[in-house]
file target_5.cif (mmCIF, C-alpha atoms)
data_query
loop_
_atom_site.group_PDB
_atom_site.id
_atom_site.type_symbol
_atom_site.label_atom_id
_atom_site.label_comp_id
_atom_site.auth_asym_id
_atom_site.auth_seq_id
_atom_site.Cartn_x
_atom_site.Cartn_y
_atom_site.Cartn_z
ATOM 1 C CA MET O 8 25.570 34.691 25.612
ATOM 2 C CA SER O 9 25.310 38.080 23.962
ATOM 3 C CA GLU O 10 23.301 37.167 20.906
ATOM 4 C CA LYS O 11 20.236 39.302 21.548
ATOM 5 C CA THR O 12 21.484 42.377 19.706
ATOM 6 C CA HIS O 13 23.492 40.659 16.984
ATOM 7 C CA THR O 14 21.539 39.955 13.787
ATOM 8 C CA PRO O 15 23.627 38.083 11.202
ATOM 9 C CA HIS O 16 23.338 39.393 7.680
ATOM 10 C CA VAL O 17 24.312 38.203 4.196
ATOM 11 C CA ALA O 18 23.215 39.157 0.730
ATOM 12 C CA VAL O 19 20.929 36.679 -1.047
ATOM 13 C CA LEU O 20 22.672 35.450 -4.158
ATOM 14 C CA ARG O 21 19.609 33.833 -5.689
ATOM 15 C CA SER O 22 17.668 35.539 -8.430
ATOM 16 C CA PRO O 23 13.940 36.105 -7.888
ATOM 17 C CA LEU O 24 13.305 33.667 -10.766
ATOM 18 C CA GLY O 25 15.489 31.035 -9.106
ATOM 19 C CA ARG O 26 13.628 31.490 -5.837
ATOM 20 C CA VAL O 27 10.182 31.279 -7.361
ATOM 21 C CA ARG O 28 11.173 28.083 -9.176
ATOM 22 C CA GLY O 29 12.267 26.693 -5.826
ATOM 23 C CA LEU O 30 15.271 24.963 -7.335
ATOM 24 C CA GLY O 31 17.568 25.534 -4.359
ATOM 25 C CA SER O 32 21.296 24.946 -4.287
ATOM 26 C CA ALA O 33 21.068 21.524 -5.940
ATOM 27 C CA ARG O 34 19.256 23.067 -8.951
ATOM 28 C CA SER O 35 16.878 20.150 -9.187
ATOM 29 C CA GLY O 36 13.900 21.330 -7.152
ATOM 30 C CA VAL O 37 11.526 18.606 -6.048
ATOM 31 C CA ALA O 38 12.335 16.253 -8.949
ATOM 32 C CA HIS O 39 14.271 13.868 -6.694
ATOM 33 C CA TRP O 40 11.530 13.789 -4.074
ATOM 34 C CA TRP O 41 8.863 13.166 -6.700
ATOM 35 C CA ALA O 42 10.842 10.458 -8.486
ATOM 36 C CA GLU O 43 11.324 8.611 -5.197
ATOM 37 C CA ARG O 44 7.546 8.643 -4.573
ATOM 38 C CA VAL O 45 6.577 7.741 -8.139
ATOM 39 C CA THR O 46 8.990 4.795 -8.243
ATOM 40 C CA SER O 47 7.822 3.591 -4.829
ATOM 41 C CA ALA O 48 4.178 3.713 -5.940
ATOM 42 C CA ALA O 49 5.081 1.747 -9.087
ATOM 43 C CA LEU O 50 7.005 -0.788 -7.009
ATOM 44 C CA VAL O 51 3.948 -1.622 -4.883
ATOM 45 C CA PRO O 52 2.175 -3.760 -7.532
ATOM 46 C CA LEU O 53 5.432 -4.853 -9.206
ATOM 47 C CA THR O 54 6.880 -6.190 -5.939
ATOM 48 C CA LEU O 55 3.697 -8.070 -5.060
ATOM 49 C CA TRP O 56 3.629 -9.613 -8.530
ATOM 50 C CA PHE O 57 7.285 -10.611 -8.253
ATOM 51 C CA ILE O 58 6.867 -12.276 -4.834
ATOM 52 C CA LEU O 59 3.891 -14.284 -6.122
ATOM 53 C CA ALA O 60 5.807 -15.192 -9.297
ATOM 54 C CA LEU O 61 8.789 -16.381 -7.237
ATOM 55 C CA LEU O 62 6.496 -18.475 -5.044
ATOM 56 C CA GLY O 63 5.159 -20.062 -8.212
ATOM 57 C CA HIS O 64 8.682 -20.965 -9.364
ATOM 58 C CA LEU O 65 10.310 -22.246 -6.182
ATOM 59 C CA GLY O 66 12.981 -24.740 -7.103
ATOM 60 C CA ALA O 67 11.949 -24.563 -10.749
ATOM 61 C CA PRO O 68 14.403 -26.070 -13.260
ATOM 62 C CA HIS O 69 16.210 -23.800 -15.686
ATOM 63 C CA ALA O 70 13.895 -24.643 -18.592
ATOM 64 C CA ALA O 71 10.867 -23.517 -16.572
ATOM 65 C CA ILE O 72 12.455 -20.135 -15.828
ATOM 66 C CA VAL O 73 13.297 -19.667 -19.515
ATOM 67 C CA ALA O 74 9.761 -20.580 -20.541
ATOM 68 C CA TRP O 75 8.348 -18.188 -17.946
ATOM 69 C CA MET O 76 10.591 -15.344 -19.103
ATOM 70 C CA GLN O 77 9.643 -15.918 -22.737
ATOM 71 C CA SER O 78 6.140 -14.686 -22.052
ATOM 72 C CA PRO O 79 6.013 -11.019 -23.138
ATOM 73 C CA VAL O 80 4.009 -10.175 -20.022
ATOM 74 C CA THR O 81 6.728 -11.602 -17.781
ATOM 75 C CA MET O 82 9.476 -9.882 -19.710
ATOM 76 C CA VAL O 83 7.778 -6.483 -19.618
ATOM 77 C CA LEU O 84 6.966 -6.742 -15.905
ATOM 78 C CA MET O 85 10.482 -7.984 -15.063
ATOM 79 C CA LEU O 86 12.036 -5.112 -17.029
ATOM 80 C CA ALA O 87 9.692 -2.654 -15.306
ATOM 81 C CA LEU O 88 10.556 -4.198 -11.939
ATOM 82 C CA VAL O 89 14.341 -4.014 -12.290
ATOM 83 C CA LEU O 90 14.411 -0.565 -13.918
ATOM 84 C CA THR O 91 12.100 0.883 -11.261
ATOM 85 C CA THR O 92 13.946 -0.914 -8.467
ATOM 86 C CA PHE O 93 17.370 0.360 -9.486
ATOM 87 C CA HIS O 94 16.075 3.885 -10.081
ATOM 88 C CA HIS O 95 14.470 3.882 -6.615
ATOM 89 C CA MET O 96 17.614 2.346 -5.097
ATOM 90 C CA HIS O 97 19.798 4.994 -6.693
ATOM 91 C CA LEU O 98 17.597 7.799 -5.328
ATOM 92 C CA GLY O 99 17.527 6.292 -1.855
ATOM 93 C CA LEU O 100 21.245 5.535 -1.589
ATOM 94 C CA GLN O 101 22.021 9.038 -2.858
ATOM 95 C CA VAL O 102 20.174 10.546 0.108
ATOM 96 C CA VAL O 103 21.865 8.170 2.544
ATOM 97 C CA ILE O 104 25.320 9.071 1.203
ATOM 98 C CA GLU O 105 24.542 12.794 1.215
ATOM 99 C CA ASP O 106 23.278 12.576 4.798
ATOM 100 C CA TYR O 107 26.179 10.670 6.342
ATOM 101 C CA ILE O 108 29.295 11.417 4.311
ATOM 102 C CA HIS O 109 30.376 14.989 4.885
ATOM 103 C CA ALA O 110 33.905 15.145 3.444
ATOM 104 C CA GLU O 111 33.337 16.471 -0.042
ATOM 105 C CA PRO O 112 35.858 14.306 -1.982
ATOM 106 C CA VAL O 113 34.696 11.116 -0.267
ATOM 107 C CA ARG O 114 31.077 12.051 -0.766
ATOM 108 C CA LEU O 115 31.551 12.765 -4.461
ATOM 109 C CA ALA O 116 33.509 9.539 -4.958
ATOM 110 C CA SER O 117 30.862 7.530 -3.078
ATOM 111 C CA LEU O 118 28.071 9.024 -5.172
ATOM 112 C CA LEU O 119 29.902 8.241 -8.402
ATOM 113 C CA VAL O 120 30.734 4.668 -7.373
ATOM 114 C CA MET O 121 27.172 4.087 -6.169
ATOM 115 C CA ARG O 122 25.811 5.461 -9.440
ATOM 116 C CA ALA O 123 28.131 3.270 -11.513
ATOM 117 C CA VAL O 124 27.355 0.105 -9.536
ATOM 118 C CA THR O 125 23.610 0.769 -9.659
ATOM 119 C CA ALA O 126 23.724 1.380 -13.410
ATOM 120 C CA LEU O 127 25.794 -1.748 -14.060
ATOM 121 C CA LEU O 128 23.474 -3.917 -11.949
ATOM 122 C CA ALA O 129 20.479 -2.508 -13.829
ATOM 123 C CA LEU O 130 22.145 -3.169 -17.197
ATOM 124 C CA ALA O 131 23.149 -6.697 -16.187
ATOM 125 C CA SER O 132 19.544 -7.395 -15.188
ATOM 126 C CA VAL O 133 18.094 -5.942 -18.392
ATOM 127 C CA VAL O 134 20.511 -7.848 -20.638
ATOM 128 C CA SER O 135 19.823 -11.086 -18.751
ATOM 129 C CA ILE O 136 16.050 -10.656 -18.987
ATOM 130 C CA LEU O 137 16.242 -9.849 -22.696
ATOM 131 C CA LYS O 138 18.562 -12.775 -23.385
ATOM 132 C CA LEU O 139 16.284 -15.178 -21.489
ATOM 133 C CA GLY O 140 13.158 -13.798 -23.083
ATOM 134 C CA LEU O 141 14.376 -13.488 -26.664
ATOM 135 C CA SER O 142 16.726 -16.444 -26.985
ATOM 136 C CA GLY O 143 14.317 -18.685 -28.886
ATOM 137 C CA HIS O 144 14.304 -22.372 -28.046
ATOM 138 C CA VAL O 145 16.581 -23.354 -25.202
ATOM 139 C CA MET N 17 22.615 27.742 15.607
ATOM 140 C CA VAL N 18 22.536 30.032 12.577
ATOM 141 C CA ALA N 19 20.006 29.040 9.917
ATOM 142 C CA ARG N 20 18.349 30.609 6.937
ATOM 143 C CA THR N 21 14.680 31.439 6.434
ATOM 144 C CA SER N 22 12.921 30.625 3.175
ATOM 145 C CA ASP N 23 13.394 34.180 1.949
ATOM 146 C CA GLY N 24 17.115 34.005 2.581
ATOM 147 C CA ARG N 25 17.504 35.913 5.885
ATOM 148 C CA LEU N 26 19.829 34.460 8.499
ATOM 149 C CA VAL N 27 18.258 33.767 11.882
ATOM 150 C CA ARG N 28 19.409 32.225 15.126
ATOM 151 C CA ARG N 29 17.463 29.123 16.025
ATOM 152 C CA PRO N 30 17.653 26.878 19.082
ATOM 153 C CA LEU N 31 19.409 23.575 18.491
ATOM 154 C CA SER N 32 17.183 20.579 19.141
ATOM 155 C CA PRO N 33 18.427 17.879 21.523
ATOM 156 C CA HIS N 34 20.599 15.241 19.915
ATOM 157 C CA LEU N 35 19.840 11.580 19.287
ATOM 158 C CA GLN N 36 21.382 10.311 22.521
ATOM 159 C CA ILE N 37 19.234 12.720 24.598
ATOM 160 C CA TYR N 38 15.947 11.379 23.288
ATOM 161 C CA ARG N 39 14.296 8.262 24.639
ATOM 162 C CA PRO N 40 13.889 5.870 21.683
ATOM 163 C CA GLN N 41 10.378 6.093 20.295
ATOM 164 C CA ILE N 42 8.519 3.883 17.850
ATOM 165 C CA THR N 43 8.418 6.736 15.332
ATOM 166 C CA SER N 44 12.177 7.313 15.270
ATOM 167 C CA ALA N 45 12.999 3.599 15.498
ATOM 168 C CA LEU N 46 10.767 2.717 12.529
ATOM 169 C CA SER N 47 12.104 5.673 10.564
ATOM 170 C CA ILE N 48 15.740 4.613 10.854
ATOM 171 C CA PHE N 49 14.733 1.005 10.255
ATOM 172 C CA HIS N 50 13.147 2.069 6.951
ATOM 173 C CA ARG N 51 16.526 3.416 5.906
ATOM 174 C CA VAL N 52 18.421 0.375 7.209
ATOM 175 C CA THR N 53 16.157 -2.013 5.295
ATOM 176 C CA GLY N 54 16.507 0.167 2.187
ATOM 177 C CA VAL N 55 20.288 -0.176 2.294
ATOM 178 C CA ALA N 56 20.010 -3.896 3.098
ATOM 179 C CA LEU N 57 17.677 -4.427 0.148
ATOM 180 C CA SER N 58 20.129 -2.553 -2.078
ATOM 181 C CA VAL N 59 22.785 -5.099 -1.128
ATOM 182 C CA GLY N 60 20.156 -7.802 -1.556
ATOM 183 C CA THR N 61 19.652 -6.859 -5.215
ATOM 184 C CA LEU N 62 23.020 -8.570 -5.788
ATOM 185 C CA LEU N 63 21.251 -11.887 -5.197
ATOM 186 C CA LEU N 64 18.533 -10.993 -7.707
ATOM 187 C CA VAL N 65 21.056 -9.876 -10.322
ATOM 188 C CA TRP N 66 23.198 -12.964 -9.748
ATOM 189 C CA TRP N 67 20.102 -15.137 -10.202
ATOM 190 C CA LEU N 68 19.096 -13.362 -13.434
ATOM 191 C CA VAL N 69 22.608 -13.354 -14.919
ATOM 192 C CA ALA N 70 23.100 -17.019 -14.034
ATOM 193 C CA ALA N 71 19.756 -17.945 -15.577
ATOM 194 C CA ALA N 72 20.739 -16.085 -18.750
ATOM 195 C CA ASP N 73 24.130 -17.818 -18.735
ATOM 196 C CA GLY N 74 22.648 -21.305 -18.756
ATOM 197 C CA ALA N 75 21.546 -24.265 -16.695
ATOM 198 C CA PRO N 76 24.866 -24.996 -14.878
ATOM 199 C CA ALA N 77 25.247 -21.434 -13.549
ATOM 200 C CA TYR N 78 21.544 -21.319 -12.714
ATOM 201 C CA ASP N 79 21.763 -24.595 -10.787
ATOM 202 C CA ALA N 80 24.717 -23.204 -8.820
ATOM 203 C CA VAL N 81 22.663 -20.181 -7.698
ATOM 204 C CA GLN N 82 19.690 -22.363 -6.849
ATOM 205 C CA GLY N 83 22.020 -24.561 -4.826
ATOM 206 C CA PHE N 84 23.362 -21.567 -2.919
ATOM 207 C CA ILE N 85 19.859 -20.234 -2.204
ATOM 208 C CA ALA N 86 18.785 -23.663 -0.916
ATOM 209 C CA SER N 87 21.809 -23.838 1.436
ATOM 210 C CA PRO N 88 21.382 -22.786 5.090
ATOM 211 C CA ILE N 89 23.192 -19.470 4.469
ATOM 212 C CA GLY N 90 21.163 -18.882 1.308
ATOM 213 C CA LEU N 91 17.891 -19.567 3.088
ATOM 214 C CA LEU N 92 18.889 -17.276 5.964
ATOM 215 C CA LEU N 93 19.756 -14.490 3.513
ATOM 216 C CA LEU N 94 16.503 -15.050 1.649
ATOM 217 C CA PHE N 95 14.522 -14.946 4.899
ATOM 218 C CA GLY N 96 16.176 -11.659 5.885
ATOM 219 C CA TRP N 97 15.576 -10.377 2.368
ATOM 220 C CA THR N 98 11.864 -11.274 2.594
ATOM 221 C CA ALA N 99 11.461 -9.595 5.986
ATOM 222 C CA ALA N 100 13.359 -6.457 4.891
ATOM 223 C CA LEU N 101 11.311 -6.281 1.701
ATOM 224 C CA PHE N 102 7.977 -6.530 3.513
ATOM 225 C CA TYR N 103 9.089 -4.015 6.135
ATOM 226 C CA HIS N 104 10.251 -1.505 3.530
ATOM 227 C CA PHE N 105 7.063 -2.200 1.548
ATOM 228 C CA PHE N 106 4.651 -1.481 4.412
ATOM 229 C CA ALA N 107 6.682 1.367 5.924
ATOM 230 C CA GLY N 108 6.860 2.816 2.395
ATOM 231 C CA LEU N 109 3.054 2.676 2.136
ATOM 232 C CA ARG N 110 2.937 4.533 5.475
ATOM 233 C CA HIS N 111 5.256 7.173 4.038
ATOM 234 C CA LEU N 112 3.095 7.522 0.916
ATOM 235 C CA ALA N 113 0.051 8.054 3.147
ATOM 236 C CA TRP N 114 1.924 10.806 5.005
ATOM 237 C CA ASP N 115 2.910 12.336 1.671
ATOM 238 C CA VAL N 116 -0.756 12.872 0.826
ATOM 239 C CA GLY N 117 -1.309 14.336 4.288
ATOM 240 C CA ARG N 118 -2.886 11.352 6.076
ATOM 241 C CA GLY N 119 -2.089 9.859 9.453
ATOM 242 C CA PHE N 120 -0.227 12.671 11.198
ATOM 243 C CA GLU N 121 -2.143 12.499 14.492
ATOM 244 C CA LYS N 122 -0.166 10.946 17.333
ATOM 245 C CA ALA N 123 -2.619 8.088 17.821
ATOM 246 C CA GLU N 124 -2.635 7.440 14.075
ATOM 247 C CA TYR N 125 1.111 7.216 13.532
ATOM 248 C CA HIS N 126 1.523 5.040 16.593
ATOM 249 C CA ALA N 127 -1.183 2.694 15.336
ATOM 250 C CA SER N 128 0.178 2.657 11.783
ATOM 251 C CA GLY N 129 3.669 1.944 13.116
ATOM 252 C CA ILE N 130 2.423 -1.082 15.052
ATOM 253 C CA ALA N 131 0.427 -2.123 11.979
ATOM 254 C CA VAL N 132 3.590 -2.014 9.835
ATOM 255 C CA LEU N 133 5.378 -4.339 12.265
ATOM 256 C CA ILE N 134 2.461 -6.764 12.439
ATOM 257 C CA ALA N 135 1.992 -6.770 8.657
ATOM 258 C CA THR N 136 5.721 -7.350 8.139
ATOM 259 C CA GLY N 137 5.780 -10.316 10.510
ATOM 260 C CA ALA N 138 2.537 -11.775 9.162
ATOM 261 C CA CYS N 139 3.453 -11.473 5.469
ATOM 262 C CA THR N 140 7.004 -12.764 5.996
ATOM 263 C CA LEU N 141 5.757 -15.826 7.863
ATOM 264 C CA LEU N 142 2.856 -16.364 5.431
ATOM 265 C CA THR N 143 5.204 -16.180 2.416
ATOM 266 C CA TRP N 144 7.575 -18.717 3.969
ATOM 267 C CA PHE N 145 4.732 -20.930 5.109
ATOM 268 C CA VAL N 146 3.300 -20.991 1.557
ATOM 269 C CA GLY N 147 6.795 -21.451 0.131
ATOM 270 C CA LEU N 148 7.591 -24.403 2.379
ATOM 271 C CA LEU N 149 4.185 -25.952 1.629
ATOM 272 C CA LEU N 150 4.793 -25.620 -2.121
ATOM 273 C CA ARG N 151 8.248 -27.155 -1.795
ATOM 274 C CA ALA N 152 7.084 -29.989 0.457
#
call {"tool": "encode", "arguments": {"input": "target_5.cif", "output": "structure tokens"}}
result
Amino acid sequence: MSEKTHTPHVAVLRSPLGRVRGLGSARSGVAHWWAERVTSAALVPLTLWFILALLGHLGAPHAAIVAWMQSPVTMVLMLALVLTTFHHMHLGLQVVIEDYIHAEPVRLASLLVMRAVTALLALASVVSILKLGLSGHV
Amino acid sequence: MVARTSDGRLVRRPLSPHLQIYRPQITSALSIFHRVTGVALSVGTLLLVWWLVAAADGAPAYDAVQGFIASPIGLLLLFGWTAALFYHFFAGLRHLAWDVGRGFEKAEYHASGIAVLIATGACTLLTWFVGLLLRA
């Protein structure tokens, strides 16, 4: 190989301001990385609470679930759980898609579909929690 | 391989050996398993959403979901879901520790990797043991 004398060279097309902000080609900097960590830290107590809550409602009849969800504490924690979960899931799946799908059209389509499905699942969860929690006497 | 330094210059760097050259190690195995469980849990959220939507729909739909979960396939899915959740939970804690700069020594990340596996197995079995006791 004759690479010892050849030094590749291109002009840098990033402004000094862009470089010092560290935004990179995705123009988002470390926001994605941070959001993934912040949501995971939030999910630590929320997940533990949810597992214990599920254990307390194994095989519970419908009325018991409604009564449980009508507590404001339950509703707030359930909303926090699903919103944080689907945010974290969106961030994680985005990285997986970007890592493994290289054809640009397929990658873009996958990202859009994943985003839509994640958003719809989150909305379905939120609406269900609100309906259960706010529906008055059932 | 041609790469770029942080100040934008192009440099030639050696290409590291590929996946099939390396002997599988606990570090790489646990790392890919974190990703696998993350994707599995993403699919698993369908069960959670189905459960919530059915509960909001009313007792008949809710009873149908409960019936599915109590079926052999439902229980198997739920067991896998529990194990994946605990694995992703503990491996995630390990990642958060790394993110604040802890546990990068070889002995430490080997020990924490084993600890993640033990904690996953213990918590999965404990959860199901408690669950079966409560249902009995």
call {"tool": "interface_residues", "arguments": {"input": "target_5.cif", "of": "chain O", "to": "chain N", "cutoff": "7 Å", "atoms": "only C-alpha atoms", "output": "ChimeraX atom specification"}}
result
/O:15-16,19,62,65,69,96,100,128,131-132,135-136,138-139
call {"tool": "atom_distance", "arguments": {"input": "target_5.cif", "atom1": "atom CA of Leu94 of chain N", "atom2": "atom CA of Thr140 of chain N"}}
result
10.7 Å
call {"tool": "atom_distance", "arguments": {"input": "target_5.cif", "atom1": "atom CA of Ala67 of chain O", "atom2": "atom CA of Gly137 of chain N"}}
result
26.3 Å
call {"tool": "closest_residue", "arguments": {"input": "target_5.cif", "among": "N:Thr53, N:Gln41, N:Tyr103, N:Met17", "to": "Val103 of chain O", "atoms": "only C-alpha atoms"}}
result
N:Thr53
call {"tool": "residues_near_point", "arguments": {"input": "target_5.cif", "point": "(12.9, 12.4, -6.2)", "cutoff": "12 Å", "atoms": "all atoms listed in the file", "output": "list in words"}}
result
Ser35, Gly36, Val37, Ala38, His39, Trp40, Trp41, Ala42, Glu43, Arg44, Val45, Thr46, Ser47, His94, His95, Met96, His97, Leu98, Gly99, Leu100, Gln101 and Val102 of chain O
call {"tool": "atom_distance", "arguments": {"input": "target_5.cif", "atom1": "atom CA of Thr43 of chain N", "atom2": "atom CA of Ala113 of chain N"}}
result
14.8 Å
call {"tool": "residues_near_point", "arguments": {"input": "target_5.cif", "point": "(6.8, -15.3, -14.7)", "cutoff": "12 Å", "atoms": "all atoms listed in the file", "output": "VMD selection string"}}
result
chain O and resid 53 56 to 65 67 71 to 86 136 139 to 140
call {"tool": "axis_aligned_box", "arguments": {"input": "target_5.cif", "around": "segment 74-93 of chain N", "padding_each_side": "5 Å", "output": "AutoDock Vina command-line options"}}
result
--center_x 21.6 --center_y -19.7 --center_z -6.4 --size_x 17.4 --size_y 20.5 --size_z 34.7
call {"tool": "build_atoms", "arguments": {"input": "target_5.cif", "residues": "segment 62-74 of chain N", "atoms": "N, CA and C atoms", "output": "PDB file, keeping the file's coordinate frame"}}
result
ATOM      1  N   LEU N  62      21.935  -7.763  -5.221  1.00  0.00           N
ATOM      2  CA  LEU N  62      23.020  -8.570  -5.788  1.00  0.00           C
ATOM      3  C   LEU N  62      22.553 -10.016  -6.014  1.00  0.00           C
ATOM      4  N   LEU N  63      21.752 -10.518  -5.066  1.00  0.00           N
ATOM      5  CA  LEU N  63      21.251 -11.887  -5.197  1.00  0.00           C
ATOM      6  C   LEU N  63      20.326 -12.000  -6.403  1.00  0.00           C
ATOM      7  N   LEU N  64      19.456 -11.003  -6.565  1.00  0.00           N
ATOM      8  CA  LEU N  64      18.533 -10.993  -7.707  1.00  0.00           C
ATOM      9  C   LEU N  64      19.303 -10.924  -9.027  1.00  0.00           C
ATOM     10  N   VAL N  65      20.292 -10.039  -9.082  1.00  0.00           N
ATOM     11  CA  VAL N  65      21.056  -9.876 -10.322  1.00  0.00           C
ATOM     12  C   VAL N  65      21.859 -11.144 -10.617  1.00  0.00           C
ATOM     13  N   TRP N  66      22.444 -11.719  -9.571  1.00  0.00           N
ATOM     14  CA  TRP N  66      23.198 -12.964  -9.748  1.00  0.00           C
ATOM     15  C   TRP N  66      22.288 -14.038 -10.319  1.00  0.00           C
ATOM     16  N   TRP N  67      21.084 -14.144  -9.761  1.00  0.00           N
ATOM     17  CA  TRP N  67      20.102 -15.137 -10.202  1.00  0.00           C
ATOM     18  C   TRP N  67      19.740 -14.915 -11.677  1.00  0.00           C
ATOM     19  N   LEU N  68      19.473 -13.666 -12.049  1.00  0.00           N
ATOM     20  CA  LEU N  68      19.096 -13.362 -13.434  1.00  0.00           C
ATOM     21  C   LEU N  68      20.248 -13.637 -14.400  1.00  0.00           C
ATOM     22  N   VAL N  69      21.454 -13.176 -14.032  1.00  0.00           N
ATOM     23  CA  VAL N  69      22.608 -13.354 -14.919  1.00  0.00           C
ATOM     24  C   VAL N  69      22.917 -14.844 -15.080  1.00  0.00           C
ATOM     25  N   ALA N  70      22.827 -15.585 -13.965  1.00  0.00           N
ATOM     26  CA  ALA N  70      23.100 -17.019 -14.034  1.00  0.00           C
ATOM     27  C   ALA N  70      22.067 -17.723 -14.902  1.00  0.00           C
ATOM     28  N   ALA N  71      20.800 -17.341 -14.756  1.00  0.00           N
ATOM     29  CA  ALA N  71      19.756 -17.945 -15.577  1.00  0.00           C
ATOM     30  C   ALA N  71      20.012 -17.661 -17.049  1.00  0.00           C
ATOM     31  N   ALA N  72      20.462 -16.438 -17.360  1.00  0.00           N
ATOM     32  CA  ALA N  72      20.739 -16.085 -18.750  1.00  0.00           C
ATOM     33  C   ALA N  72      21.985 -16.804 -19.258  1.00  0.00           C
ATOM     34  N   ASP N  73      22.887 -17.153 -18.340  1.00  0.00           N
ATOM     35  CA  ASP N  73      24.130 -17.818 -18.735  1.00  0.00           C
ATOM     36  C   ASP N  73      23.864 -19.264 -19.121  1.00  0.00           C
ATOM     37  N   GLY N  74      22.956 -19.920 -18.417  1.00  0.00           N
ATOM     38  CA  GLY N  74      22.648 -21.305 -18.756  1.00  0.00           C
ATOM     39  C   GLY N  74      22.354 -22.142 -17.526  1.00  0.00           C
TER      40      GLY N  74
END
